[in-house]
Structures are given as C-alpha cells and as structure tokens.
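K.L.:
The structure is given below, and queries will be raised subsequently.
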Amino acid sequence: MLQIPCPWCGPREDAEFDFGGEADIQRPADPDALDDAAWADYLFMRVNRRGVQREQWVHTAGCRRWFVVERDTVTNEILQASTMGRRP
Amino acid sequence: MDDPGPSTADRGTTLVERPFLTHVDLRLDPDDRGALAAVRTALGLRLPLEPNTTASPRPLTSPAVIAANGPPRIEDGAGIQTSHPDLRPPAASVLHAFWLGPDEWLLLAEPGAGGMLVRVLRAALHPRAAAVTDLSAGATVLRLRGPEARAVLAHGCALDLGPAAFPPGACAQTLLARAQVLVAAIDARPTFDLIVRRSFAPYAAAWLRDAGSAHGLRLARPRAA
Amino acid sequence: MSQPYRLPRGGRIDRGAPLQFTFDGRTIHGYQGDTLASALLANGAALIGRSFKYHRPRGIVAAGAEDPNAFVQLGRGARAAPNRLATVTPAAHGMQVRSVNAWPSLDYDVMSLLGLAAPFIPAGFYYKTLMWPRRLWPLYERVLRRAAGLGRAPSGPDPDRYDYVHARCDVLVVGAGPAGLAAARAAARRGARVILADEQPQPGGSLLASAERVDGVPGHAWAAAAAADLAASPRVTVLPDTTVFGLYQSNLALMVERRREQPGDAAGTERGARTWRVTPRRIVLASGAHERPLLCANNDLPGVMLASATAAYLHRYAAAPGSRAVFFTTNDTAYRAALDLAEAGVPVAAIADVRADPDGRLPAEARARGIQVLAAAAVRRVLGRRRVAAVELCSLDGSPRGVVECDLLGLAGGFAPALHLHAQAGGRTDWDPALAAFVPRRSNGVHPAGGAAGALGTAAALRQGAQAGASAAAAAGFTADAAPAPPGGGPELPSAQDAPDLGFQPYWVPPNALGRVKPQFVDLHEDVTLDDLRLTLREGFEAVEHVKRYTTLGMGPDQGKLANPLATGVLAELQGLHPAAVGAPRYRPAYTPVALGALAGRSVGALSDPLRATPMQAWHQAAGARFESVGQWRRPLAYPQRGETVHDAAARECLAVRRRVGLLDSSTLGKIEVNGPDAGEFLERVYVNTWKRLPPGRCRYGLMLGEDGMILDDGVTARLDERRYLTFTSTSGAAEVLAWLERWLQTEWPELRVYLTSVSEHWACLALAGPRSRETLAAAGTDIALDRQAFPHMTFRAGRVAGVRARVFRISFSGELSYEINVPADQALHVWETLLECGRPFGIAPYGTEAMHVLRAEKGYVIVGQETDGSVTPLDVGLRRMLSRRKDFLGKRSLSRPALLRADRKQLVGLRSDDPAQVVPEGAPLVDAPSRRRPLPMRGHVTSSYHSPALGRAIALALVSGGRASLGERLYAAAPDDRWIPVRSCLPIFYDPTGARLHV
C-alpha cells in the first residue's frame, strides 16, 4: 500500500487514486507540424526512470484533482506532491 | 439547525436516512473574491476554502435574498422559459456547504429547495464562469449516530475518523468499503452524515447494517419530509 | 488417560479441563492449554504428516509458527480449514484433525513408494522433466497434484463469520514476549496509542516456555500481569491470538485475529477470524528469533526436533517429546534444554557438540549430572523408519563415536531473528558474526527489539524492548515529558536474567570426512536437500533468489522460517563466500497461512461488490425481467412472459418497437454537464466533430478518440443553452470518460473556463421508441409540443412529462421515432409507470438490452467495446464524414499515420448468412475459404450477430480486413465443431437505410 499525499486532501491510501503516467508531457501546439516519428515520440515514448520520477496522479475517490508526484521508483518513496495549478 | 433526529433520547447507535434533501453542486473560481462575496450575500454562507471542511451558514432568509438579488433571471433548460411552481419563499435553509475540491462545493438544504437555490445562485453569479447544478435526486444522506458510529465505519473506511483528526465540521470524500462516499462529522455524539450516490445507496445501507450488526446498530425511521 | 508422555506435574495446562479430539480418526486426549502438537506428543504420536514431495514421514519440529511439518487439516465439509499449524493451534474438545500429504493413510502411504523408487527428485525436476513434452503436462500435473495434496478446500460456503476492520495507532508492537511487552509499556507511558498483537492466546512469548523469573515472579505470570495492566489502559489495545502476517509500504500492517468459541462451542473452538488493517506511525518488531536446525542424514525423521522446542514442550505443556534424548549442538543453549529434560526424568544419552572444547558453566553442569558430552563431534546419521531409533555419532574428522539409541534428537544450530515482516516491508539487514545470522537494520519506521533484533536472553529483550518502545513513541511525537502516565506501575525495566554467552560455532555443511550420507534436508517442507543445493550451484543458479526459484527453497506455506537462515550459511560455505555476500532469500507475505475468508472479511455475497440500482430496478424485478451484468449494474435483458424464452421475449420486444412502441430504462448512461464560456471550445478539442455552432436546443452525435486515434467513446451531446452542454456517454464508459475529460481540462488546458459535473445519478433516462411513441408521450401528458415541426429529430425540449419536470431528447438508438425522457431519478418510477399505462392502447412493451442491441444492429449503429476494442478508428467503422477538417481534435494527427491508413485494416461491414436462419456465433473468425491448413489466415471476426425479427433473417456486423473495398464478397465464419458458415459481406445497415423512420 502506498500513502499518497494529495496536495488538497492530505495523505490517503492508494486505492483512492489513479495513476496517470509520466508528468510534464506537453501536447504539441500544432500536431500537424510534426512528422510521424515526432508524433509517435509524443504518443508512445516514456522515460520510465529508475529513481525519482515526476508523474501524474488523480484523487479519483476524493477531490478529483490531478496533481504531480515526485516518486522514487526504486523505493516508492514519495518526495513531493504538488498541484497542477488552478484555472485562471 | 441540524435535524435532532427521532432518537435523541436513545443512547444506542442508529442509522437513519435523511431522504429528499436538496443537493446542489457549486463550481466557481475560489480566487474570484467577487464570486465568493456573491454567494455569501445570496445564501448567507461563507464557502469553506479549507480542504475537507464544512460550513454551516445562518439560515437563508428568502425575502432578503430575493430583495438583494432581484427576481431570478436564469432559467433551466435551453433558454426556454418554463413555469416554476416552486418559485416561492424557500421552505428551508441551506444546512451545510461541504468542500469537495478547490473549486467545488456541495450545498445541502432542506427538501424542495433545489430549483430555488439554482436560480438564486445562477443569478447571483451571473455572468461569471460558475456552474450551479441541482443533483438532489442523485444522492441521499445516511446519518449514523451514536457511541459506536466510529467502530461501525472502521470496518470499511481507512480514514482516521477520531475526534482529533476528524472533529465536527470535518468532511472527506473517500471509500466506504467499495462505494465512494462523502463523510462528514456533524457533532461530537458522534454523528456522521454519509452522502452516497443514489445507485450506490442500497449497497451502502446494506453494508452499514451488516457492519453495525456487531455494534447494536438500529435502523431508525426517517423523519417525515 | 492415555497420555503416556504427559509429565506428572508442571506445564501451563489445565489438568482440570481434559479434552479429546481426533487425529486421522484416532482419539487424542489432552487438556485445556494444549496445542494440537503438544497433545499429540503427550499421546506419543510422533508422526504428524508426510512430506510434500517424497511423502517421507514427518514429525513435530518446533513449538511455534516456524514448524515446517505440522500443517494439518481441521474440520470437514464447509468448515474444513487446510494448512493449519498444529504447533500454534489450541486443542479444543471435539476437533477433527487430519494429516495432509498422506494417501491413503498416514501409516501406509502409497506415495512414499515414490521416495523408494526414485530416491530423490533432483532440484529443478519440474522445469526439466515436466515441461516437455508439453502436451503431457496436464497429466503430470494431475498426478502431482494428487500426490502433493496440500490440504482440501471446504466443500461449501464457510458458515463462520469473518470480519475486517481498519485501525490506526501511534505504535504497533508485534509480539508480546518480554521485548514486546516492555516496548508497549514504554510507548504507552509516553502517551502513544498502542496496539500490541501476539499470535499466541497468552502473552509471554519465550517466557511461556521457560522456567525463568522476571521481577521475582515466574516469567509467564509477569507477562500476564504486564499484559493485563496494558489492556486496562484506554490507549492500549491488546490483541492475543492475532498474527501480524504482512507488513507493507507506508507502515501498513495486516493482521488476522482468530475468533474463539461462541456459546455452545467447546473452549478454544475457532469461529472465523477478523482481519485488521493497521497503519501505525511506528512499528516495534518484537517477533522473536527462530532456532536453526542442523544437517545430518535423515534429519527429517519424526523425533528430530529443535532443542528449544524440547524445552517448550516440557515447560509449557508438560509433554515429554521423547523417552530418551540425544542433543546435537553448536552452542550452550542445548545444555539448558538437556538439563531440563533430565530434571524432568527424560534421560539424555549424549550431547554431541561441534566445538572442540565446550567448557562453559552449562556444559560443566551437564557433565556433573552424568550426561555424556562429546566434543568436536557431530551426528552423522539418524537411524529409524518411522521415527528416530538411534543416532550415529562421529568426530568431525570422521572417526566413529558409536551408535546411541534414542527416540529424540534435539538440534541446536543457533538462533536467527525472525526477519519476515522486516523483509516484507523492504527493510535492510546486516550480518551479525557472533550470531551468524542476519539482523534487521532499523529503518522505514520499524524498530526491532529482542530476539528479532538478535538479542538473546530475557534481560536484553526487556532492555531493548523498552528502548524501542520509547524511541518509536518519540518518533511518533510522544516523549517522556509530554505524558508521564501509567499504565503499569513499577519500574520501566523489570529485573531478569541475562543470557549466558552462546559460545556459538557455525556448523553449516557437514565435513567431507563424514562422507556423503543422504538425504540431508535443508527445507523440510519443500523437501530440498543439501544435494539439491549442490546440484543447483553446479547448474549455475548461484544467486540466492535463483536458488530459491529453482529448488522452491523457502516457498512453502512455512515461508522458510527454518530453512532460509540455514540455507544462507550452507550456500555460503558451498561457494566459499561470506554469508553476507550470499544474502537471505526474500520473504513474502503471509507469515503464516491466512484463511481466504479472513481476507474477504465482510465483502462476501451481496456485499462483495456494489450492485448499482436504477430507480426502476424493483419494477424490473417484479416484472420478471432477466438481467445482464453491465459493470456494477444489472440491466434488464428482456422481460419474458409466460412460456417465453429470453430469445422469444427479445424478439417480441423488437417487433413492439418497430411496429408500435417500447420503453427502455437507459438510466445507466453517463451524463455530464459541460458548463462555462469555453464549453464549446472544449468539446471541439475532445470530439472529432464541431460544437460551437450547434444551436441551443439541438443535439448531435459525437465521437471521442484517444490521442492514438482509436475510438474511446461515443454518444449524443445536446446544447442546453449558450454556455451549457449535456453529454451522454456509454454506460460502461461513464466514469472513464469523465476522468478523461477532467484530465485534459486540468493538466493540459487549464485556461479553458469549463466545469464538468456528472449528473448521471440525478437524471433517470427513459427511452420511448417506436412509431407510436409520440401518441404515447402525448397521452402521458406533456406541455411540450410534439409535432414534427415543433420538435424535430435531434432536438431537445424542457417541459413536463406526466407532471414531472423533464428534459426530452428526440434522439434514437433504434432507428425509430424516439424520445429519450430524462426526469429526476426520484420521480422516474412514476413517469415510467405512467408511460406504460398510457401506452397500453398503443401496444407498448418494456424492452431490455437484448432488443436494444438487435435494433441498433439492424441500423448498423456501433457499440463502443463491441464493434470497437481500442484498436478501431473512425475510418475503420466508416465514420470519416464526421471528422472535422477545420479544427484539431484529440487523436486527429494519429489518423494520418501510415499504419492507420492501410487498405488492409479491419473495417466494419455487415454480414448476411446464406441460410437466413443461420445466426453466426459472435466472435467467430472469418476466412476466405475453409481449409484444414493451420494456421489459417484470418480476414476478420464477427462483432455482433443476431436474428432480426423485423427482417426475418440473421444479420451480423464484423470487422474484416479491407472489408469496405470488397463489399459483397464471400466469407466463411468458423463455428464450433468444425462447421463453416458461408456468409456474404454488405453495407453495415440492414433496416431503413435512408433513415426515413427517424424523421416522421
């Protein structure tokens, strides 16, 4: 079991969350400007880091907010959790 | 303000449904002070900005609300005017505003106030980017009260619901066994309100009865609405 | 009473409370306070089971949870409980106990011929032999499973009650031996909330099995008083009979509490269990240490026992584990046990000590008592058939030292901390050379103390326990100053004896001089021998985890409690490595076997998963509907009337909709309100088609793709007003689609001013479909103008229906004139009943999902998840015309990837079977021509297939490679039993291709 610190609700059990993969993947502003290889890179390629990785989680059974977690993929230690930033 | 329930004199632990209450979902930008002020004026309610907390406002006095805001302007539906037979002084006040997320609250009010609340809030927040949605038919409230209430919930809820971590005024969306619920601490008896989605309510109630069987949980009859 | 091995006095048993139970049908007498194992020993029953692989006779080895042999089957029928440990299960009157792995009986085991014929099955046998030829594997498996027989499953639902409970505390103390009791006391005194769990019914741990005194009173009495003091504190929960069986990340501890007798049961009867899920802030690990066995030939014969266990049976149960004993030791502890046995009247014939010069106080005492002590000596071989008859002794240089008759051999190979929980939680260990064992490194919130930390002796355990309790409490925020309070008067540190120096000398692999006598068991449960380990290393499996997997060392239900610490030393010596370089095999939960019922807790039967109910659920039930599961919903499949099959009913319902009118409960559809000034812009980004210009009051069918271009969900969206849309999702996609939309909104486009609110539960949805639906709706009473001009297809109106505020959508999933009526769920049943009542003159019928499926298939409407499977694009299903060219949308760029444009992609087509009565099976593969050739190239597969009552023939939808370019081609569908059904492809629309019926 992982205790995941939701930046809004505090630490909760992992059953309340869903995992959303690597964080900081930006959708290309103009997808048509990308060649197939570059688009496939955006679509499929992920780092899967050994060590501290930034990843997205959503507090499904709680506040429904997406947020960013820094997790050590070796020890499962969570170093930090931060909000996505609010809507303007 | 809170329903004292039918079992005030009873010292056991009881489960009672509080049916037909008004549930309204409110979305707005918490950084918009004007929006918060508009809600405060309209409902006599300060929306709780602290996560997982509840606000219980002073009673909503409808004539003042309408006087302050003018007649409701926004209609339900596709801009098509429909008749609103419930356009009358509200029969009841908002009981609680629960924090659901940084820009989302649940307003719980006496039965039948949904249409009025939606109209008043939409009018008050117009033209802001806010959303007011009546969800009254989509959820119900199960009230668990008495000395064994925490023990009953502990069979299926991982949260620390002890008085220090979860005092009256605290609320949290979490899992009760396999159902998502909003659990709120109402008073120190203790009393917990569990707001459950409609389709999950039979499961949640059956689960609570089962978990409560070892704790002398009694079912109480809902107060007539 | 026939308890020949029961000592006349002593023991922590209640001689005033005799009891009896049966073991393989034999009556066994015992007393309250006995375990099954102690009662069996008192009755002289040495043989408790047969081993897993060779079916060798096995006896009781230990007095606690570490025993590798003592797994028995309790009860029978529905209450059968396999894999229970006789060494920790209290004996209760009337119990039925059976041995496992013995067939047909314990004394005459047919399978032990396996052991005679093939003296040993080498390591890796399963991998080498049984995987080839592959087709014989099922046969091998059947035979082996019969032979293995790890107990029998219950024959019916378990009648006992299981429970599950979440708990929180500041400090969880695992083990109520001296270290655990001292830790709990220290933590509670500092104000921490403490849970103290112990697997035994009584507190005391090692104190229960010794004659030691603590604070001047017998150890067990001190422990009972200390536990009672703790239990009196409101901050402390003392849980006897509770095993912490798993420790996970974030300090999650799972424990199982065995629940005892109910009124009418014999004392000690087990009745279900309660699983505790505890998340303490700190954990004190006081789970003790296990003695290590020693290697010698036939070290598995009944009568070979841990030296510490002989003392435990003596002191705690007044059961003599034999009538004449020999000890084989590497340290001084065996002498204590030998002296105690001798004192109790069990002669000790010899002590073989591997040390050259055992000269401590205890060896001297033994000699003084006349016990023969052989220095630099070992047991070479144990002799006997079904139990120990004698041991063959020799010097370490190989010279014989005689054969000594005995029926009990005590092994004392030193002690190793019980590291299971520590290792499960990912804890690190250090090698302690004095102990020749791994000791836990304090980490991740776990504070080891006592035997678990490598401290032997009661005084050290008390000292370490008090320290660990204090430091755990401090780490959880409780210091001595903060709350100097009881429970428990008296000094924090009771007085007790320190353990004598062990004088331990490692003895892993018997010296070559002793000869290669066989077999020498390292893991008794898994029947792994010294030769197996040698072979495994020779074959190149050197890492300890590889050895474990190749031999199954430590993988039994005993989790290698005795085997693993021994194996580390043996592997190190065989490879010439330092044991720290070998490491310890990783332990896994559960520490001891846990009943599945305990893990399920209350989540059984109707409570195992929520059954979601629509407002009409009870009506459906009363109407005799047959249901199908759709996620957590149960939707009516059809409403069979007298004499009808489901198929008949669905056909009748289809015709009712096509000819008259039908009513479907589609409340399970997902409904999301998309609200805000940028709602239209948001929808344009997530849907393939355009939304901003959709006028309020109108509806549009939308298609949502994943970023990979594959269809994710579909459904109608209506524009409620300038800033609000209502999106319908599929029933199964409701939660997923909302999560998907929120994700893009929150993570990628936070600048959009849009709020998403699920209104699925608030609005019930009643689909009124068929040529006479307009008349039915009018008859039910509505203030909405229903004529074709005022309320055309793909529009919506708000108004009242049957007196209830409603949103009515003129959309259709059947191809007929249709009104999807949304009303607040709490008034839906009234509207449902009113529509059925008012529709009666028009021939209305409620219809279920089977008819719904047929009707939409006749129209060629796809169902996401049936025609699509996550690898189907809009181009594949012929919906290219929906794709907007004027804007970007999720998945758009992927649609121009070359692989998605290939002409041979599987595409949606219709199928007509040559024989109109022949319904092809759903999922059937499609080929160009029948053939016996294998593999046969597949052209595609059938996704939906029904008999169409309206058309009077079979229809199907299929995905066929290059299908749209070759409509009309001949294909064959493979049916079970090698039949081929000839079909012809067609456009995927069978009924009303122009859509005229929608616009009436």
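Just remember, in the structure tokens the first chain shown is A, the second B, etc., residues are 1-based per chain, and ligands are 1-based in the order shown.
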Could I get the residues of chain B with an atom no further than 10 Å from an atom of chain C, each paired with its nearest atom pair and that distance in Å to one decimal, using only C-alpha atoms, sorted by chain and residue number, as a tab-separated table?
P.N.:
```
residue	atom	partner	partner_atom	distance
B:Phe20	CA	C:Asp826	CA	8.3
B:His23	CA	C:His762	CA	9.8
B:Asp25	CA	C:Thr757	CA	7.9
B:Leu26	CA	C:Thr757	CA	9.3
B:Arg27	CA	C:Tyr755	CA	6.9
B:Leu28	CA	C:Tyr755	CA	8.4
B:Asp29	CA	C:Arg753	CA	9.5
B:Glu75	CA	C:Asp721	CA	9.5
B:Asp76	CA	C:Ala798	CA	8.1
B:Gly77	CA	C:Leu720	CA	5.5
B:Ala78	CA	C:Leu720	CA	4.3
B:Gly79	CA	C:Asp721	CA	5.6
B:Ile80	CA	C:Ala798	CA	7.3
B:Gln81	CA	C:Ala798	CA	8.8
B:Thr82	CA	C:Gly799	CA	6.6
B:Ser83	CA	C:Gly799	CA	8.5
B:His84	CA	C:Arg805	CA	9.5
B:Asp103	CA	C:Tyr755	CA	9.3
B:Glu104	CA	C:Tyr755	CA	9.4
B:Pro127	CA	C:Pro677	CA	9.5
B:Arg128	CA	C:Gly676	CA	8.6
B:Ala129	CA	C:Gly676	CA	5.4
B:Ala130	CA	C:Gly676	CA	6.8
B:Ala131	CA	C:Asn675	CA	6.2
B:Val132	CA	C:Asn675	CA	9.0
B:Thr133	CA	C:Thr757	CA	7.6
B:Asp134	CA	C:His762	CA	8.0
B:Leu135	CA	C:His762	CA	5.2
B:Ser136	CA	C:His762	CA	6.5
B:Ala137	CA	C:His762	CA	4.6
B:Gly138	CA	C:His762	CA	3.6
B:Ala139	CA	C:Glu761	CA	7.2
B:Ala151	CA	C:Val165	CA	8.6
B:Val152	CA	C:Val165	CA	9.0
B:Leu153	CA	C:Val165	CA	8.7
B:Ala154	CA	C:His166	CA	5.1
B:His155	CA	C:Val165	CA	4.1
B:Gly156	CA	C:Val165	CA	6.6
B:Cys157	CA	C:His166	CA	6.7
B:Ala158	CA	C:His166	CA	5.7
B:Leu159	CA	C:His166	CA	8.3
B:Asp160	CA	C:Arg168	CA	6.8
B:Leu161	CA	C:Arg168	CA	9.7
B:Gly162	CA	C:Arg168	CA	9.4
B:Ala177	CA	C:Ser603	CA	8.0
B:Arg178	CA	C:Asp609	CA	6.6
B:Ala179	CA	C:Pro610	CA	7.0
B:Arg197	CA	C:Glu761	CA	6.8
B:Arg198	CA	C:Glu761	CA	6.1
B:Ser199	CA	C:Arg612	CA	4.7
B:Phe200	CA	C:Arg612	CA	5.4
B:Ala201	CA	C:Arg612	CA	8.1
B:Pro202	CA	C:Ala613	CA	7.6
B:Tyr203	CA	C:Pro610	CA	5.4
B:Ala204	CA	C:Pro610	CA	7.9
B:Ala206	CA	C:Leu607	CA	7.6
B:Trp207	CA	C:Leu607	CA	6.4
B:Asp210	CA	C:Arg602	CA	7.9
B:Ala211	CA	C:Arg602	CA	7.7
B:Ala214	CA	C:Asp163	CA	9.9
```
K.L.:
Report as a tab-separated table the residues of chain B within 6 Å of chain A, each with its shortest atom pair and distance in Å (one decimal), using only C-alpha atoms, ordered by chain and increasing residue number.
P.N.:
```
residue	atom	partner	partner_atom	distance
B:Leu100	CA	A:Cys63	CA	5.6
B:Gly101	CA	A:Cys63	CA	4.6
B:Gln173	CA	A:Gly62	CA	4.6
B:Thr174	CA	A:Ala61	CA	5.4
```
K.L.:
Output all heavy atoms for every residue in the selection just made, as a PDB file, in the first residue's frame.
P.N.:
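Writing the result to result.pdb gives the following:
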```
ATOM      1  N   LEU B 100     -15.609  20.060  -1.648  1.00  0.00           N
ATOM      2  CA  LEU B 100     -15.394  18.837  -2.435  1.00  0.00           C
ATOM      3  C   LEU B 100     -14.077  18.882  -3.187  1.00  0.00           C
ATOM      4  O   LEU B 100     -13.488  17.853  -3.492  1.00  0.00           O
ATOM      5  CB  LEU B 100     -16.525  18.630  -3.445  1.00  0.00           C
ATOM      6  CG  LEU B 100     -17.945  18.434  -2.906  1.00  0.00           C
ATOM      7  CD1 LEU B 100     -18.910  18.196  -4.069  1.00  0.00           C
ATOM      8  CD2 LEU B 100     -18.007  17.262  -1.939  1.00  0.00           C
ATOM      9  N   GLY B 101     -13.661  20.084  -3.525  1.00  0.00           N
ATOM     10  CA  GLY B 101     -12.425  20.278  -4.268  1.00  0.00           C
ATOM     11  C   GLY B 101     -12.113  21.747  -4.221  1.00  0.00           C
ATOM     12  O   GLY B 101     -12.920  22.541  -3.706  1.00  0.00           O
ATOM     13  N   GLN B 173     -14.192  13.125   1.135  1.00  0.00           N
ATOM     14  CA  GLN B 173     -14.652  12.149   0.154  1.00  0.00           C
ATOM     15  C   GLN B 173     -13.681  10.977   0.204  1.00  0.00           C
ATOM     16  O   GLN B 173     -12.472  11.180   0.135  1.00  0.00           O
ATOM     17  CB  GLN B 173     -14.659  12.753  -1.241  1.00  0.00           C
ATOM     18  CG  GLN B 173     -15.649  13.886  -1.387  1.00  0.00           C
ATOM     19  CD  GLN B 173     -15.366  14.712  -2.620  1.00  0.00           C
ATOM     20  OE1 GLN B 173     -15.916  14.478  -3.669  1.00  0.00           O
ATOM     21  NE2 GLN B 173     -14.463  15.665  -2.484  1.00  0.00           N
ATOM     22  N   THR B 174     -14.211   9.800   0.342  1.00  0.00           N
ATOM     23  CA  THR B 174     -13.340   8.645   0.489  1.00  0.00           C
ATOM     24  C   THR B 174     -14.110   7.390   0.100  1.00  0.00           C
ATOM     25  O   THR B 174     -15.176   7.479  -0.501  1.00  0.00           O
ATOM     26  CB  THR B 174     -12.785   8.566   1.934  1.00  0.00           C
ATOM     27  OG1 THR B 174     -11.818   7.532   2.019  1.00  0.00           O
ATOM     28  CG2 THR B 174     -13.897   8.298   2.933  1.00  0.00           C
TER      29      THR B 174
END
```
K.L.:
Counting only C-alpha atoms, which residues in chain A sit no more than 10 Å from chain C? For each one, give the nearest pair of atoms and the distance in Å, sorted by chain then residue number, as a Markdown table.
P.N.:
```
| residue | atom | partner | partner_atom | distance |
| --- | --- | --- | --- | --- |
| A:Met1 | CA | C:Gln249 | CA | 5.5 |
| A:Leu2 | CA | C:Ser250 | CA | 5.8 |
| A:Gln3 | CA | C:Ser250 | CA | 5.9 |
| A:Ile4 | CA | C:Ser250 | CA | 9.3 |
| A:Glu13 | CA | C:Ser250 | CA | 9.3 |
| A:Asp18 | CA | C:Ala739 | CA | 9.7 |
| A:Gly20 | CA | C:Arg743 | CA | 8.9 |
| A:Ala23 | CA | C:Thr747 | CA | 9.2 |
| A:Asp24 | CA | C:Thr747 | CA | 9.0 |
| A:Ile25 | CA | C:Glu748 | CA | 9.2 |
| A:Gln26 | CA | C:Glu748 | CA | 7.4 |
| A:Arg27 | CA | C:Glu748 | CA | 7.4 |
| A:Ala29 | CA | C:Asp888 | CA | 9.9 |
| A:Asp30 | CA | C:Asp888 | CA | 8.4 |
| A:Pro31 | CA | C:Arg893 | CA | 6.0 |
| A:Asp32 | CA | C:Arg893 | CA | 6.2 |
| A:Ala33 | CA | C:Arg893 | CA | 9.5 |
| A:Leu34 | CA | C:Arg893 | CA | 8.7 |
| A:Asp35 | CA | C:Arg897 | CA | 9.2 |
| A:Asp36 | CA | C:Arg897 | CA | 6.3 |
| A:Ala37 | CA | C:Arg897 | CA | 9.5 |
| A:Trp39 | CA | C:Ser894 | CA | 7.8 |
| A:Ala40 | CA | C:Ser894 | CA | 8.3 |
| A:Tyr42 | CA | C:Glu707 | CA | 9.9 |
| A:Leu43 | CA | C:Asp708 | CA | 6.9 |
| A:Phe44 | CA | C:Asp708 | CA | 8.9 |
| A:Gln56 | CA | C:Thr747 | CA | 9.0 |
| A:Trp57 | CA | C:Arg743 | CA | 9.8 |
| A:Val58 | CA | C:Arg743 | CA | 8.3 |
| A:Thr60 | CA | C:Ala739 | CA | 8.1 |
| A:Arg64 | CA | C:Glu742 | CA | 8.2 |
| A:Arg65 | CA | C:Gln746 | CA | 7.6 |
| A:Trp66 | CA | C:Gln746 | CA | 6.6 |
| A:Phe67 | CA | C:Thr747 | CA | 8.2 |
| A:Val68 | CA | C:Thr747 | CA | 9.7 |
| A:Thr75 | CA | C:Gly426 | CA | 8.4 |
| A:Asn76 | CA | C:Gln249 | CA | 8.2 |
| A:Glu77 | CA | C:Ser250 | CA | 8.9 |
| A:Thr83 | CA | C:Thr747 | CA | 9.9 |
| A:Met84 | CA | C:Thr747 | CA | 6.5 |
| A:Gly85 | CA | C:Pro750 | CA | 8.0 |
| A:Arg86 | CA | C:Pro750 | CA | 6.9 |
| A:Arg87 | CA | C:Pro750 | CA | 4.9 |
| A:Pro88 | CA | C:Glu751 | CA | 6.0 |
```
K.L.:
Report the residues of segment 234-347 of chain C whose backbone DSSP state falls under strand (DSSP E or B), written as a PyMOL selection string.
P.N.:
chain C and resi 236-239+242-247+253-258+273-285+289-291+297+304-306+319+325-329
K.L.:
Between atom CA of His215 of chain B and atom CA of Pro201 of chain C, what distance in Å does the model show, to one decimal?
P.N.:
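Distance reported for this atom pair: 24.1 Å.
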K.L.:
Rounded to one decimal in Å, what is the spacing between atom CA of Gly114 of chain B and atom CA of His96 of chain B?
P.N.:
13.9 Å
K.L.:
Would you please extract all alpha helix (DSSP H) residues from chain A, as assigned by DSSP on the backbone, and give them as a ChimeraX atom specification?
P.N.:
/A:36-44
K.L.:
Quick check, in Å to one decimal: how far apart do atom CA of Leu339 of chain C and atom CA of Val509 of chain C lie?
P.N.:
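Interatomic distance, atom CA of Leu339 of chain C to atom CA of Val509 of chain C: 27.5 Å.
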K.L.:
Can you tell me which residues surround Ala917 of chain C at a distance of at most 10 Å, considering only C-alpha atoms, apart from same-chain residues fewer than 2 positions away, and format the answer as number ranges by chain?
P.N.:
C: 913-915, 919-920, 947-948, 952-955
K.L.:
I'd like the neighbourhood of Thr13 of chain B as a list in words, where a residue qualifies if any of its atoms comes within 12 Å (using only C-alpha atoms), though same-chain residues fewer than 6 positions away should be ignored.
P.N.:
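The neighbour list is Ser7, Arg143, Leu144, Arg145, Gly146, Pro147, Glu148, Ala149, Arg150, Ala151, Val152, Leu153, Arg189, Pro190, Thr191, Phe192, Leu208, Arg209, Gly212, Ser213, Ala214, His215, Gly216, Leu217, Arg218, Leu219 and Ala220 of chain B.
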